>>> print(open('structure.tsv').read())   # TSV, C-alpha atoms
chain	number	residue	atom	x	y	z
U	24	MET	CA	52.33	-219.74	-181.11
U	25	ILE	CA	50.07	-220.20	-184.13
U	26	TYR	CA	46.99	-217.99	-184.62
U	27	LYS	CA	44.01	-218.81	-186.82
U	28	ILE	CA	42.68	-215.63	-188.49
U	29	LYS	CA	39.48	-214.74	-190.37
U	30	MET	CA	39.29	-211.53	-192.46
U	31	LYS	CA	37.92	-210.10	-195.72
U	32	LYS	CA	39.36	-211.63	-198.87
U	33	ASP	CA	40.28	-208.28	-200.44
U	34	ASP	CA	42.05	-207.08	-197.32
U	35	TYR	CA	44.01	-210.33	-197.04
U	36	PHE	CA	45.43	-210.14	-200.56
U	37	LYS	CA	46.51	-206.54	-199.91
U	38	ILE	CA	48.78	-207.61	-197.03
U	39	SER	CA	49.51	-211.24	-198.00
U	40	SER	CA	52.98	-210.35	-199.29
U	41	LYS	CA	53.95	-208.97	-195.86
U	42	ILE	CA	53.04	-212.01	-193.83
U	43	VAL	CA	53.67	-215.76	-193.94
U	44	SER	CA	50.40	-217.65	-193.81
U	45	THR	CA	49.46	-221.31	-194.10
U	46	ASN	CA	46.31	-223.39	-194.46
U	47	LEU	CA	44.56	-220.67	-196.48
U	48	GLU	CA	40.86	-221.27	-197.07
U	49	ILE	CA	38.55	-218.96	-199.11
U	50	ILE	CA	34.90	-218.99	-198.07
U	51	GLY	CA	32.92	-216.51	-200.20
U	52	GLU	CA	34.19	-212.98	-199.49
U	53	GLU	CA	36.21	-214.10	-196.45
U	54	VAL	CA	39.37	-216.11	-195.91
U	55	THR	CA	40.78	-218.05	-193.01
U	56	PHE	CA	44.48	-218.79	-192.52
U	57	GLU	CA	47.11	-219.48	-189.87
U	58	ILE	CA	50.09	-217.34	-188.98
U	59	GLU	CA	52.83	-217.42	-186.38
U	60	SER	CA	53.64	-214.73	-183.84
U	61	GLY	CA	55.89	-212.64	-186.12
U	62	SER	CA	53.28	-212.30	-188.90
U	63	PHE	CA	50.57	-211.78	-186.32
U	64	ASN	CA	52.41	-208.73	-184.96
U	65	ILE	CA	52.66	-207.32	-188.50
U	66	LEU	CA	48.94	-207.89	-189.05
U	67	LYS	CA	48.08	-206.10	-185.82
U	68	ARG	CA	49.93	-202.98	-187.00
U	69	THR	CA	47.73	-202.69	-190.10
U	70	ASN	CA	44.33	-201.01	-190.15
U	71	TYR	CA	42.55	-204.05	-191.58
U	72	GLU	CA	39.89	-205.72	-189.55
U	73	PHE	CA	40.39	-209.38	-188.63
U	74	LYS	CA	39.10	-211.87	-186.13
U	75	ILE	CA	41.09	-214.45	-184.20
U	76	ILE	CA	39.52	-217.88	-184.42
U	77	GLU	CA	40.61	-219.94	-181.44
U	78	SER	CA	42.29	-223.11	-182.70
U	79	LEU	CA	42.74	-226.37	-180.81
U	80	GLN	CA	46.37	-225.51	-180.24
U	81	SER	CA	45.57	-222.12	-178.78
U	82	LYS	CA	42.85	-223.63	-176.62
U	83	LEU	CA	45.33	-226.19	-175.31
U	84	MET	CA	47.94	-223.52	-174.72
U	85	ARG	CA	45.45	-221.42	-172.78
U	86	PHE	CA	44.26	-224.44	-170.81
U	87	PHE	CA	47.76	-225.50	-169.81
U	88	SER	CA	48.77	-221.94	-169.00
U	89	ARG	CA	45.90	-221.82	-166.52
U	90	TYR	CA	45.98	-225.35	-165.13
U	91	GLY	CA	49.45	-226.64	-166.03
U	92	LEU	CA	50.82	-226.30	-162.50
U	93	LEU	CA	47.79	-228.06	-161.04
U	94	ILE	CA	48.01	-230.88	-163.60
U	95	THR	CA	51.75	-231.29	-162.92
U	96	GLY	CA	51.06	-231.50	-159.19
U	97	VAL	CA	48.32	-234.09	-159.64
U	98	LEU	CA	50.49	-236.20	-161.97
U	99	PHE	CA	53.38	-235.99	-159.51
U	100	PHE	CA	51.09	-237.05	-156.65
U	101	LEU	CA	49.72	-239.97	-158.68
U	102	SER	CA	53.28	-240.99	-159.61
U	103	ILE	CA	54.26	-241.02	-155.95
U	104	LEU	CA	51.22	-243.16	-155.10
U	105	TYR	CA	52.06	-245.57	-157.94
U	106	MET	CA	55.73	-245.80	-157.00
U	107	ASN	CA	54.82	-246.35	-153.36
U	108	ILE	CA	53.16	-249.63	-154.38
U	109	TYR	CA	56.63	-250.99	-155.21
U	110	ARG	CA	58.54	-249.36	-152.34
U	111	VAL	CA	60.12	-251.76	-149.85
U	112	SER	CA	60.94	-250.71	-146.31
U	113	ARG	CA	62.10	-254.07	-144.92
U	114	ILE	CA	61.94	-257.86	-145.22
U	115	GLU	CA	60.27	-259.97	-142.55
U	116	PHE	CA	60.45	-263.76	-142.04
U	117	ASN	CA	57.89	-265.66	-140.01
U	118	ARG	CA	60.72	-267.71	-138.47
U	119	THR	CA	64.45	-268.29	-138.60
U	120	THR	CA	65.72	-271.01	-140.93
U	121	PRO	CA	69.06	-271.74	-142.64
U	122	ILE	CA	67.63	-270.57	-145.99
U	123	ASN	CA	66.58	-267.09	-144.78
U	124	GLU	CA	69.86	-265.45	-145.71
U	125	GLU	CA	69.80	-266.82	-149.28
U	126	ILE	CA	66.17	-265.74	-149.82
U	127	GLU	CA	66.87	-262.26	-148.43
U	128	TYR	CA	69.88	-261.92	-150.74
U	129	GLN	CA	67.79	-262.82	-153.80
U	130	ILE	CA	65.10	-260.29	-152.88
U	131	LYS	CA	67.59	-257.47	-152.23
U	132	SER	CA	69.38	-258.24	-155.51
U	133	SER	CA	66.21	-257.21	-157.35
U	134	TYR	CA	66.02	-253.80	-155.64
U	135	LYS	CA	66.12	-250.56	-157.62
U	136	LYS	CA	67.28	-247.40	-155.86
U	137	LEU	CA	65.50	-244.05	-156.18
U	138	LEU	CA	66.40	-241.15	-153.92
U	139	CYS	CA	66.85	-242.88	-150.53
U	140	PHE	CA	64.28	-245.62	-151.10
U	141	ASN	CA	64.29	-249.22	-152.32
U	142	PHE	CA	61.81	-250.34	-154.96
U	143	CYS	CA	61.05	-253.89	-156.02
U	144	SER	CA	58.90	-254.93	-158.97
U	145	MET	CA	59.51	-258.66	-158.43
U	146	ASP	CA	56.77	-261.11	-159.38
U	147	TYR	CA	56.34	-262.51	-155.87
U	148	LYS	CA	54.04	-265.32	-156.99
U	149	ALA	CA	56.57	-266.61	-159.53
U	150	PHE	CA	59.42	-266.14	-157.04
U	151	SER	CA	57.51	-268.19	-154.45
U	152	LYS	CA	57.08	-271.02	-156.94
U	153	ASP	CA	60.80	-270.97	-157.72
U	154	LEU	CA	61.62	-271.19	-154.01
U	155	GLN	CA	59.26	-274.12	-153.53
U	156	LYS	CA	61.01	-275.93	-156.37
U	157	LYS	CA	64.49	-275.16	-155.02
U	158	TYR	CA	63.67	-275.98	-151.39
U	159	PHE	CA	61.30	-278.90	-151.88
U	160	GLU	CA	62.14	-280.04	-148.32
U	161	TYR	CA	59.66	-277.45	-147.03
U	162	PRO	CA	55.90	-278.02	-147.43
U	163	TYR	CA	55.20	-274.40	-148.37
U	164	ILE	CA	57.09	-271.14	-149.02
U	165	ASN	CA	55.33	-267.91	-149.90
U	166	VAL	CA	56.65	-264.40	-150.53
U	167	ASP	CA	54.36	-261.36	-150.68
U	168	CYS	CA	54.55	-257.62	-150.11
U	169	LYS	CA	52.05	-255.83	-147.88
U	170	ASN	CA	52.27	-252.24	-146.68
U	171	ASN	CA	55.78	-251.94	-148.17
U	172	VAL	CA	57.02	-254.92	-146.15
U	173	VAL	CA	58.16	-258.07	-147.97
U	174	GLN	CA	56.78	-260.94	-145.94
U	175	VAL	CA	58.38	-264.38	-146.31
U	176	TYR	CA	56.46	-267.33	-144.91
U	177	ILE	CA	58.28	-270.65	-144.55
U	178	ALA	CA	56.12	-273.47	-143.23
U	179	ASN	CA	57.51	-275.87	-140.64
U	180	ILE	CA	58.64	-279.17	-142.12
U	181	ASP	CA	56.10	-281.05	-140.00
U	182	ASP	CA	53.16	-278.80	-140.91
U	183	SER	CA	50.62	-281.06	-142.64
U	184	SER	CA	48.21	-278.23	-143.54
U	185	TYR	CA	50.18	-277.53	-146.73
U	186	LEU	CA	50.16	-281.00	-148.25
U	187	ASN	CA	49.88	-281.40	-152.02
U	188	ARG	CA	50.91	-277.84	-152.89
U	189	SER	CA	54.03	-278.80	-154.88
U	190	GLU	CA	54.43	-278.12	-158.58
U	191	LEU	CA	57.41	-280.45	-159.05
U	192	VAL	CA	56.80	-283.27	-161.50
U	193	GLY	CA	59.31	-286.06	-160.93
U	194	ASP	CA	60.87	-288.10	-158.10
U	195	ILE	CA	63.05	-287.34	-155.12
U	196	VAL	CA	66.07	-289.64	-155.24
U	197	SER	CA	68.93	-290.21	-152.84
U	198	LYS	CA	72.06	-288.19	-153.60
U	199	LYS	CA	74.29	-290.47	-151.50
U	200	ASP	CA	74.40	-293.71	-149.55
U	201	GLY	CA	72.97	-293.58	-146.05
U	202	ILE	CA	70.49	-294.79	-143.44
U	203	VAL	CA	67.07	-293.16	-143.35
U	204	ASP	CA	65.97	-291.82	-139.97
U	205	LEU	CA	63.12	-289.35	-140.52
U	206	TYR	CA	60.95	-288.45	-143.49
U	207	TYR	CA	58.04	-286.15	-144.38
U	208	VAL	CA	56.07	-286.63	-147.58
U	209	TYR	CA	54.08	-283.58	-148.76
U	210	SER	CA	53.33	-284.80	-152.28
U	211	GLY	CA	54.01	-288.22	-153.75
U	212	LYS	CA	54.47	-291.75	-152.43
U	213	SER	CA	57.05	-292.70	-149.80
U	214	MET	CA	59.46	-295.43	-150.88
U	215	VAL	CA	61.45	-295.48	-147.60
U	216	SER	CA	61.08	-296.48	-143.98
U	217	LYS	CA	62.99	-295.72	-140.79
U	218	ASN	CA	66.43	-297.39	-140.59
U	219	LYS	CA	66.31	-298.37	-144.27
U	220	TYR	CA	69.67	-298.31	-146.03
U	221	VAL	CA	69.54	-296.54	-149.40
U	222	ARG	CA	72.11	-296.04	-152.12
U	223	ALA	CA	72.75	-293.03	-154.31
U	224	GLY	CA	70.10	-292.92	-157.05
U	225	ASP	CA	67.43	-294.88	-155.14
U	226	VAL	CA	63.95	-293.32	-155.26
U	227	LEU	CA	63.01	-291.93	-151.84
U	228	ILE	CA	59.67	-290.31	-152.74
U	229	GLU	CA	57.92	-291.28	-155.95
U	230	GLY	CA	55.86	-288.64	-157.70
U	231	ASN	CA	53.04	-289.80	-159.90
U	232	GLN	CA	52.20	-286.19	-160.74
U	233	GLU	CA	53.75	-283.93	-158.10
U	234	VAL	CA	56.44	-284.58	-155.52
U	235	SER	CA	57.94	-282.84	-152.51
U	236	GLY	CA	59.20	-283.97	-149.15
U	237	LEU	CA	62.10	-284.25	-146.75
U	238	VAL	CA	64.14	-287.39	-146.06
U	239	LEU	CA	66.75	-287.15	-143.29
U	240	GLY	CA	69.35	-289.74	-142.51
U	241	THR	CA	72.89	-290.53	-141.51
U	242	CYS	CA	75.51	-290.32	-144.24
U	243	TYR	CA	79.29	-290.53	-144.44
U	244	ASP	CA	81.52	-288.40	-146.67
U	245	ARG	CA	85.21	-288.78	-147.39
U	246	VAL	CA	86.81	-285.33	-147.51
U	247	VAL	CA	90.39	-284.53	-148.56
U	248	LEU	CA	91.79	-281.07	-147.74
U	249	SER	CA	95.19	-279.41	-148.05
U	250	ILE	CA	96.23	-276.56	-145.74
U	251	PRO	CA	99.34	-274.50	-146.68
U	252	LYS	CA	102.04	-274.35	-144.01
U	253	THR	CA	102.38	-270.60	-144.58
U	254	LYS	CA	99.60	-268.31	-145.75
U	255	LYS	CA	99.36	-264.60	-146.42
U	256	GLU	CA	96.41	-263.14	-144.52
U	257	GLU	CA	95.04	-259.65	-144.06
U	258	SER	CA	93.87	-257.97	-140.88
U	259	LEU	CA	92.03	-254.69	-140.44
U	260	SER	CA	94.01	-251.78	-139.00
U	261	SER	CA	92.81	-248.70	-137.13
U	262	GLU	CA	93.36	-246.40	-140.14
U	263	HIS	CA	90.20	-245.17	-141.85
U	264	SER	CA	89.29	-243.07	-144.86
U	265	ASN	CA	85.80	-241.61	-145.27
U	266	TYR	CA	84.65	-239.84	-148.43
U	267	TYR	CA	81.81	-239.64	-150.97
U	268	ASP	CA	81.41	-241.09	-154.44
U	269	ILE	CA	79.37	-239.07	-156.91
U	270	LYS	CA	78.05	-240.85	-159.99
U	271	LEU	CA	76.86	-238.64	-162.84
U	272	PHE	CA	75.92	-239.94	-166.32
U	273	GLY	CA	77.93	-243.12	-165.81
U	274	HIS	CA	81.06	-241.37	-164.52
U	275	THR	CA	82.15	-241.66	-160.88
U	276	PHE	CA	84.01	-238.95	-158.96
U	277	SER	CA	85.43	-239.15	-155.45
U	278	LEU	CA	84.80	-236.20	-153.14
U	279	ALA	CA	86.99	-235.45	-150.12
U	280	LYS	CA	89.12	-238.57	-150.55
U	281	LYS	CA	92.47	-237.84	-148.91
U	282	THR	CA	94.08	-241.28	-148.51
U	283	ASN	CA	94.66	-244.16	-150.93
U	284	PHE	CA	95.21	-247.53	-149.27
U	285	GLU	CA	96.91	-250.32	-151.20
U	286	SER	CA	94.61	-252.87	-149.59
U	287	PHE	CA	91.40	-252.04	-147.76
U	288	SER	CA	87.93	-253.12	-146.69
U	289	LYS	CA	85.18	-251.00	-148.23
U	290	GLU	CA	81.68	-250.23	-146.97
U	291	GLU	CA	79.14	-248.25	-148.99
U	292	SER	CA	75.90	-246.58	-147.94
U	293	LEU	CA	73.59	-244.90	-150.45
U	294	VAL	CA	72.77	-241.30	-149.57
U	295	PHE	CA	70.86	-240.28	-152.71
U	296	ASN	CA	69.95	-241.81	-156.04
U	297	LEU	CA	68.01	-240.34	-158.96
U	298	PHE	CA	67.14	-242.90	-161.65
U	299	ASP	CA	70.73	-244.23	-161.60
U	300	PHE	CA	72.10	-241.30	-163.63
U	301	PHE	CA	72.94	-239.31	-160.49
U	302	SER	CA	73.78	-240.87	-157.15
U	303	LEU	CA	75.70	-240.06	-153.98
U	304	LYS	CA	77.32	-242.76	-151.83
U	305	LYS	CA	79.13	-242.49	-148.52
U	306	ILE	CA	82.28	-244.62	-148.55
U	307	ALA	CA	84.17	-245.92	-145.52
U	308	GLU	CA	87.52	-247.62	-146.17
U	309	THR	CA	89.57	-249.43	-143.55
U	310	LYS	CA	93.19	-250.22	-144.27
U	311	LYS	CA	94.27	-253.87	-144.33
U	312	ASN	CA	97.67	-255.03	-143.14
U	313	ALA	CA	99.23	-258.12	-144.68
U	314	ILE	CA	100.58	-260.73	-142.28
U	315	ILE	CA	102.19	-264.10	-142.88
U	316	LYS	CA	100.46	-266.85	-140.91
U	317	THR	CA	102.42	-270.03	-140.21
U	318	TYR	CA	100.50	-273.20	-139.34
U	319	ASP	CA	101.80	-276.15	-137.38
U	320	GLU	CA	100.11	-279.52	-137.79
U	321	LYS	CA	97.60	-278.96	-134.96
U	322	GLU	CA	96.60	-275.52	-136.22
U	323	ALA	CA	96.27	-276.80	-139.77
U	324	LEU	CA	94.00	-279.61	-138.55
U	325	LEU	CA	91.72	-277.12	-136.78
U	326	GLN	CA	91.65	-274.95	-139.91
U	327	ALA	CA	90.65	-277.94	-142.07
U	328	GLU	CA	87.84	-278.88	-139.66
U	329	LYS	CA	86.64	-275.26	-139.71
U	330	ILE	CA	86.46	-275.34	-143.52
U	331	ILE	CA	84.33	-278.51	-143.36
U	332	GLN	CA	81.94	-276.89	-140.85
U	333	GLU	CA	81.59	-273.71	-142.92
U	334	ASP	CA	80.95	-275.65	-146.12
U	335	PHE	CA	78.24	-277.66	-144.37
U	336	LYS	CA	76.48	-274.49	-143.16
U	337	THR	CA	76.59	-273.06	-146.68
U	338	HIS	CA	74.61	-276.02	-148.04
U	339	GLN	CA	72.38	-276.55	-145.00
U	340	THR	CA	68.64	-276.25	-145.75
U	341	ASN	CA	67.00	-277.00	-142.38
U	342	ASP	CA	67.79	-276.86	-138.67
U	343	LEU	CA	67.69	-280.63	-138.21
U	344	GLU	CA	70.81	-281.14	-140.31
U	345	LYS	CA	74.08	-281.34	-138.40
U	346	ILE	CA	77.58	-282.77	-138.43
U	347	ILE	CA	77.77	-285.64	-135.96
U	348	ALA	CA	81.51	-286.28	-136.10
U	349	ILE	CA	84.65	-285.36	-138.05
U	350	THR	CA	87.25	-288.12	-137.90
U	351	ASN	CA	90.75	-287.57	-139.23
U	352	THR	CA	92.01	-290.79	-140.78
U	353	LYS	CA	95.21	-289.73	-142.52
U	354	ILE	CA	97.78	-286.93	-142.29
U	355	GLU	CA	100.55	-286.32	-144.81
U	356	SER	CA	102.78	-283.32	-145.41
U	357	ASP	CA	105.31	-281.94	-147.82
U	358	GLU	CA	107.35	-278.73	-147.94
U	359	GLU	CA	104.33	-276.56	-148.76
U	360	ALA	CA	101.24	-278.05	-147.09
U	361	TYR	CA	99.57	-280.55	-144.78
U	362	HIS	CA	97.20	-283.01	-146.45
U	363	PHE	CA	94.30	-284.39	-144.40
U	364	THR	CA	91.78	-287.13	-145.10
U	365	PHE	CA	88.55	-287.04	-143.06
U	366	ILE	CA	85.47	-289.20	-142.67
U	367	VAL	CA	82.59	-286.82	-141.90
U	368	LYS	CA	79.48	-288.31	-140.32
U	369	LYS	CA	76.42	-286.16	-141.07
U	370	TYR	CA	72.76	-286.09	-140.27
U	371	GLU	CA	71.38	-284.40	-143.36
U	372	SER	CA	68.78	-284.13	-146.08
U	373	MET	CA	69.44	-287.06	-148.42
U	374	GLY	CA	67.16	-286.21	-151.33
U	375	GLU	CA	67.49	-284.32	-154.58
U	376	PHE	CA	64.86	-283.70	-157.22
U	377	SER	CA	64.94	-285.81	-160.38
U	378	PRO	CA	62.52	-284.68	-163.12
U	379	LYS	CA	60.45	-287.19	-165.08
U	380	GLU	CA	61.75	-287.95	-168.55
>>> encode(input="structure.tsv", output="structure tokens")
Amino acid sequence: MIYKIKMKKDDYFKISSKIVSTNLEIIGEEVTFEIESGSFNILKRTNYEFKIIESLQSKLMRFFSRYGLLITGVLFFLSILYMNIYRVSRIEFNRTTPINEEIEYQIKSSYKKLLCFNFCSMDYKAFSKDLQKKYFEYPYINVDCKNNVVQVYIANIDDSSYLNRSELVGDIVSKKDGIVDLYYVYSGKSMVSKNKYVRAGDVLIEGNQEVSGLVLGTCYDRVVLSIPKTKKEESLSSEHSNYYDIKLFGHTFSLAKKTNFESFSKEESLVFNLFDFFSLKKIAETKKNAIIKTYDEKEALLQAEKIIQEDFKTHQTNDLEKIIAITNTKIESDEEAYHFTFIVKKYESMGEFSPKE
């Protein structure tokens, strides 16, 4: 601690060689100077009179010594209130759609962990605009956070109350050949009619300034798939291993791990996290057993059809889309695999966005 001292000039020069002083100032017959604790103790042991002038530093030290704990508590409380603005307890959708899972994944990918809580500083307004551009088939999508709940609103495709809210500048063109059955135009000018045959590249909805809308129709795809006659698969066993992972300063340590599986399924649950430099995770591993699966022609055909169905669901954007029929037109085989050719009849969204040049 630094003390600011005032004393007689003559007295100061008598003891100046015994102390270390700085910022010396002579004012008439008196001097002022600053000394640290060691020199101050020496000065106190002399018989010379001096006066302590309270400096800004000493005032601050005295203030914080009295109110430091209170200030720390207030700052901590304000920090908690500020952080709580960004805390997320759950995600809610106004309805179930095929794009819910993808939107939820994007939101959760932006989470930051602290202690046992999730925090999200996402710009929800910008994120909503990005979703409206990606899923132009919907008249309106909005994401907001209220009372620590992320609320996702996806308007019904036939809801006309959200017309002309698109920010896409361009056209919606057909991505494949097909017959138009149903269409909704939210922004732009319709260039189609029911039962109209369109080719890939044809303009479905023309946008003078903005464009968005949904065009549904019947399309046909030719799909070629190969299914191996033998395939190595893995199945979960009844053997488990539960332990904890401790992460400290970028290094991870396993606690109470007794078994090492060659192949396993792993599930993690966060127990504690402190600014990502210290975290504790509970790990549950389930052993996988390798098995050799042999397909005959019928089983391989079912597997190929399953792959087509799963791929369709992955790219599905609304509930009206569906596969009408999967027709196998050709089967070939060699020593390693069966080779199938299918014609897949779909009722699906035909449009894709094409920006203006």
>>> closest_residue(input="structure.tsv", among="U:Ser112, U:Ser264, U:Asn296, U:Thr350", to="U:Asp244", atoms="only C-alpha atoms")
U:Thr350
>>> atom_distance(input="structure.tsv", atom1="atom CA of U:Lys29", atom2="atom CA of U:Phe56")
6.8 Å
>>> atom_distance(input="structure.tsv", atom1="atom CA of U:Ser189", atom2="atom CA of U:Leu237")
12.7 Å
>>> residues_around(input="structure.tsv", residues="U:Ile49", least_positions_apart="6", cutoff="12 Å", atoms="all atoms listed in the file", output="ChimeraX atom specification")
/U:28-33,35-36,55-56
>>> write_last_selection(input="structure.tsv", atoms="C-alpha atoms", output="PDB file, in the frame of the given file")
ATOM      1  CA  ILE U  28      42.680-215.630-188.490  1.00  0.00           C
ATOM      2  CA  LYS U  29      39.480-214.740-190.370  1.00  0.00           C
ATOM      3  CA  MET U  30      39.290-211.530-192.460  1.00  0.00           C
ATOM      4  CA  LYS U  31      37.920-210.100-195.720  1.00  0.00           C
ATOM      5  CA  LYS U  32      39.360-211.630-198.870  1.00  0.00           C
ATOM      6  CA  ASP U  33      40.280-208.280-200.440  1.00  0.00           C
ATOM      7  CA  TYR U  35      44.010-210.330-197.040  1.00  0.00           C
ATOM      8  CA  PHE U  36      45.430-210.140-200.560  1.00  0.00           C
ATOM      9  CA  THR U  55      40.780-218.050-193.010  1.00  0.00           C
ATOM     10  CA  PHE U  56      44.480-218.790-192.520  1.00  0.00           C
TER      11      PHE U  56
END
>>> residues_near_point(input="structure.tsv", point="(56.6, -289.4, -154.0)", cutoff="9 Å", atoms="only C-alpha atoms", output="compact mmCIF listing (two decimals) with C-alpha atoms, in the coordinates of the input")
# COMPACT_ATOMS: atom_id res chain seq x y z
CA GLY U 193 59.31 -286.06 -160.93
CA ASP U 194 60.87 -288.10 -158.10
CA ILE U 195 63.05 -287.34 -155.12
CA VAL U 208 56.07 -286.63 -147.58
CA TYR U 209 54.08 -283.58 -148.76
CA SER U 210 53.33 -284.80 -152.28
CA GLY U 211 54.01 -288.22 -153.75
CA LYS U 212 54.47 -291.75 -152.43
CA SER U 213 57.05 -292.70 -149.80
CA MET U 214 59.46 -295.43 -150.88
CA VAL U 226 63.95 -293.32 -155.26
CA LEU U 227 63.01 -291.93 -151.84
CA ILE U 228 59.67 -290.31 -152.74
CA GLU U 229 57.92 -291.28 -155.95
CA GLY U 230 55.86 -288.64 -157.70
CA ASN U 231 53.04 -289.80 -159.90
CA GLN U 232 52.20 -286.19 -160.74
CA GLU U 233 53.75 -283.93 -158.10
CA VAL U 234 56.44 -284.58 -155.52
CA SER U 235 57.94 -282.84 -152.51
CA GLY U 236 59.20 -283.97 -149.15
>>> atom_distance(input="structure.tsv", atom1="atom CA of U:Gly374", atom2="atom CA of U:Thr352")
27.4 Å
>>> closest_residue(input="structure.tsv", among="U:Leu93, U:Ile315, U:Ile42, U:Ile250", to="U:Glu358", atoms="all atoms listed in the file")
U:Ile250
>>> residues_near_point(input="structure.tsv", point="(77.3, -294.0, -146.4)", cutoff="9 Å", atoms="only C-alpha atoms", output="ChimeraX atom specification")
/U:199-202,220-222,241-244,368
>>> closest_residue(input="structure.tsv", among="U:Leu248, U:Ile354, U:Met84, U:Leu205", to="U:Tyr370", atoms="all atoms listed in the file")
U:Leu205
>>> residues_around(input="structure.tsv", residues="U:Ser40", least_positions_apart="4", cutoff="12 Å", atoms="only C-alpha atoms", output="list in words")
Asp34, Tyr35, Phe36, Ser44, Ser62, Ile65 and Leu66 of chain U
>>> axis_aligned_box(input="structure.tsv", around="stretch 262-273 of chain U", padding_each_side="5 Å", output="AutoDock Vina command-line options")
--center_x 84.6 --center_y -242.5 --center_z -153.2 --size_x 27.4 --size_y 17.8 --size_z 36.2
>>> residues_around(input="structure.tsv", residues="U:Asn165", least_positions_apart="5", cutoff="12 Å", atoms="all atoms listed in the file", output="JSON, numbers by chain")
{"U": [115, 116, 117, 126, 146, 147, 148, 149, 150, 151, 152, 153, 154, 155, 156, 158, 173, 174, 175, 176, 177, 178, 185, 188]}
>>> closest_residue(input="structure.tsv", among="U:Asp357, U:Lys316, U:His263, U:Ile94", to="U:Phe284", atoms="all atoms listed in the file")
U:His263
>>> residues_around(input="structure.tsv", residues="U:Thr337", least_positions_apart="3", cutoff="12 Å", atoms="only C-alpha atoms", output="list in words")
Pro121, Ile122, Asn123, Glu124, Glu125, Ile330, Ile331, Gln332, Glu333, Asp334, Thr340, Asn341, Glu344 and Lys345 of chain U
>>> closest_residue(input="structure.tsv", among="U:Ile50, U:Ile76, U:Val294, U:Ile349", to="U:Leu325", atoms="all atoms listed in the file")
U:Ile349
>>> decode(input="structure.tsv", residues="stretch 189-200 of chain U", atoms="C-alpha atoms", output="compact mmCIF listing (two decimals), in the first residue's frame")
# COMPACT_ATOMS: atom_id res chain seq x y z
CA SER U 189 -40.52 -13.25 -48.59
CA GLU U 190 -37.10 -11.69 -49.06
CA LEU U 191 -36.09 -13.94 -51.97
CA VAL U 192 -35.36 -12.06 -55.18
CA GLY U 193 -35.57 -14.42 -58.14
CA ASP U 194 -37.81 -17.15 -59.58
CA ILE U 195 -38.93 -20.58 -58.49
CA VAL U 196 -38.17 -23.04 -61.29
CA SER U 197 -38.93 -26.71 -61.73
CA LYS U 198 -36.14 -29.06 -60.66
CA LYS U 199 -37.55 -31.98 -62.67
CA ASP U 200 -40.18 -32.99 -65.20
